[in-house]
$ cat model-v8.cif   # mmCIF, C-alpha atoms
data_start
loop_
_atom_site.label_atom_id
_atom_site.label_comp_id
_atom_site.auth_asym_id
_atom_site.auth_seq_id
_atom_site.Cartn_x
_atom_site.Cartn_y
_atom_site.Cartn_z
CA MET C 1 7.77 2.49 5.88
CA THR C 2 10.71 2.06 3.62
CA GLY C 3 14.31 2.90 4.32
CA SER C 4 14.90 0.20 6.90
CA GLY C 5 17.45 -1.47 4.65
CA VAL C 6 15.28 -4.57 4.47
CA SER C 7 13.45 -5.22 1.22
CA ALA C 8 9.66 -5.41 1.23
CA ARG C 9 9.96 -8.99 0.01
CA ALA C 10 12.12 -9.94 3.00
CA ARG C 11 9.60 -8.53 5.48
CA GLY C 12 6.56 -10.12 3.83
CA GLY C 13 5.81 -7.39 1.28
CA MET C 14 5.58 -7.60 -2.49
CA SER C 15 8.25 -7.80 -5.14
CA ILE C 16 8.63 -5.02 -7.72
CA GLU C 17 7.08 -7.33 -10.32
CA GLU C 18 4.02 -7.90 -8.11
CA LEU C 19 3.68 -4.17 -7.42
CA ARG C 20 3.90 -3.28 -11.11
CA SER C 21 1.18 -5.79 -11.99
CA LEU C 22 -1.41 -4.24 -9.65
CA PRO C 23 -4.57 -2.59 -11.04
CA ALA C 24 -5.10 1.19 -10.75
CA ALA C 25 -6.57 0.87 -7.24
CA VAL C 26 -6.21 -1.91 -4.70
CA SER C 27 -7.78 -2.99 -1.43
CA VAL C 28 -6.35 -1.82 1.86
CA ALA C 29 -5.33 -5.43 2.55
CA THR C 30 -3.27 -5.53 -0.65
CA ALA C 31 -1.65 -2.17 0.11
CA ALA C 32 -0.89 -3.31 3.65
CA ARG C 33 0.81 -6.40 2.27
CA ALA C 34 2.89 -4.20 -0.05
CA PHE C 35 4.05 -2.15 2.94
CA GLY C 36 4.73 -5.29 4.97
CA ILE C 37 2.18 -4.39 7.65
CA GLY C 38 -1.06 -5.94 8.84
CA THR C 39 -4.51 -4.86 7.71
CA ASP C 40 -5.46 -3.67 11.20
CA LYS C 41 -2.38 -1.40 11.30
CA ALA C 42 -3.23 -0.08 7.82
CA TYR C 43 -6.78 0.83 8.85
CA ALA C 44 -5.46 2.46 12.03
CA LEU C 45 -3.08 4.59 9.94
CA ILE C 46 -5.92 5.53 7.58
CA LYS C 47 -8.13 6.52 10.52
CA ALA C 48 -5.28 8.64 11.93
CA GLU C 49 -4.75 10.17 8.45
CA LYS C 50 -1.16 8.86 8.45
CA PHE C 51 -1.38 6.16 5.79
CA PRO C 52 1.52 6.78 3.40
CA ALA C 53 -0.52 6.33 0.20
CA LYS C 54 -3.65 8.02 -1.15
CA THR C 55 -6.87 6.33 -0.13
CA ILE C 56 -10.11 6.58 -2.08
CA PRO C 57 -13.43 6.18 -0.26
CA VAL C 58 -15.75 3.82 -2.14
CA GLY C 59 -19.03 3.57 -0.31
CA GLU C 60 -18.25 2.21 3.13
CA THR C 61 -14.85 0.85 2.14
CA GLN C 62 -11.50 2.26 1.06
CA LYS C 63 -9.29 1.64 -1.95
CA VAL C 64 -5.66 2.69 -2.34
CA ALA C 65 -4.40 4.41 -5.48
CA THR C 66 -1.67 2.20 -6.90
CA LEU C 67 0.41 5.08 -8.30
CA SER C 68 0.46 6.62 -4.81
CA LEU C 69 1.45 3.23 -3.38
CA TRP C 70 4.32 3.00 -5.87
CA GLU C 71 5.48 6.52 -4.95
CA ALA C 72 5.42 5.74 -1.23
CA LEU C 73 7.46 2.58 -1.82
CA GLY C 74 9.88 4.22 -4.27
CA VAL C 75 8.83 2.04 -7.20
CA PRO C 76 9.78 3.71 -10.49
CA SER C 77 6.70 4.30 -12.62
#
$ encode --input "model-v8.cif" --output "structure tokens"
Amino acid sequence: MTGSGVSARARGGMSIEELRSLPAAVSVATAARAFGIGTDKAYALIKAEKFPAKTIPVGETQKVATLSLWEALGVPS
């Protein structure tokens, strides 16, 4: 989802500062925003096992591991 030459910020995503301030795990909606995609698309990718970051099942919902999100977006840790 990166590599298009357009920054995440320009396509509606998050800045590096916003990404670095995230807690250890975030909601799918927050991760979707970071990737510059909609929540419905994020859940579809999760269902298809193609979401680019590690998801963590928590009861009937999902969380996204922030370190995995950073790796997928190329954010230096």
$ residues_around --input "model-v8.cif" --residues "Phe51 (chain C)" --least-positions-apart "2" --cutoff "10 Å" --atoms "all atoms listed in the file" --output "PyMOL selection string"
chain C and resi 1+32+41-49+53-55+64+72
$ atom_distance --input "model-v8.cif" --atom1 "CA of Lys50 (chain C)" --atom2 "CA of Pro76 (chain C)"
22.5 Å
$ atom_distance --input "model-v8.cif" --atom1 "CA of Phe35 (chain C)" --atom2 "CA of Met14 (chain C)"
7.8 Å
$ resolve_selection --input "model-v8.cif" --expression "the PyMOL selection byres ((chain C and resi 65) around 10)" --output "list in words"
Pro23, Ala24, Ala25, Val26, Ser27, Val28, Ala31, Ala53, Lys54, Thr55, Ile56, Gln62, Lys63, Val64, Thr66, Leu67, Ser68, Leu69 and Trp70 of chain C
$ atom_distance --input "model-v8.cif" --atom1 "CA of Glu60 (chain C)" --atom2 "CA of Val75 (chain C)"
29.0 Å
$ closest_residue --input "model-v8.cif" --among "C:Pro52, C:Ala29, C:Ala34, C:Pro57" --to "Ile16 (chain C)" --atoms "all atoms listed in the file"
C:Ala34
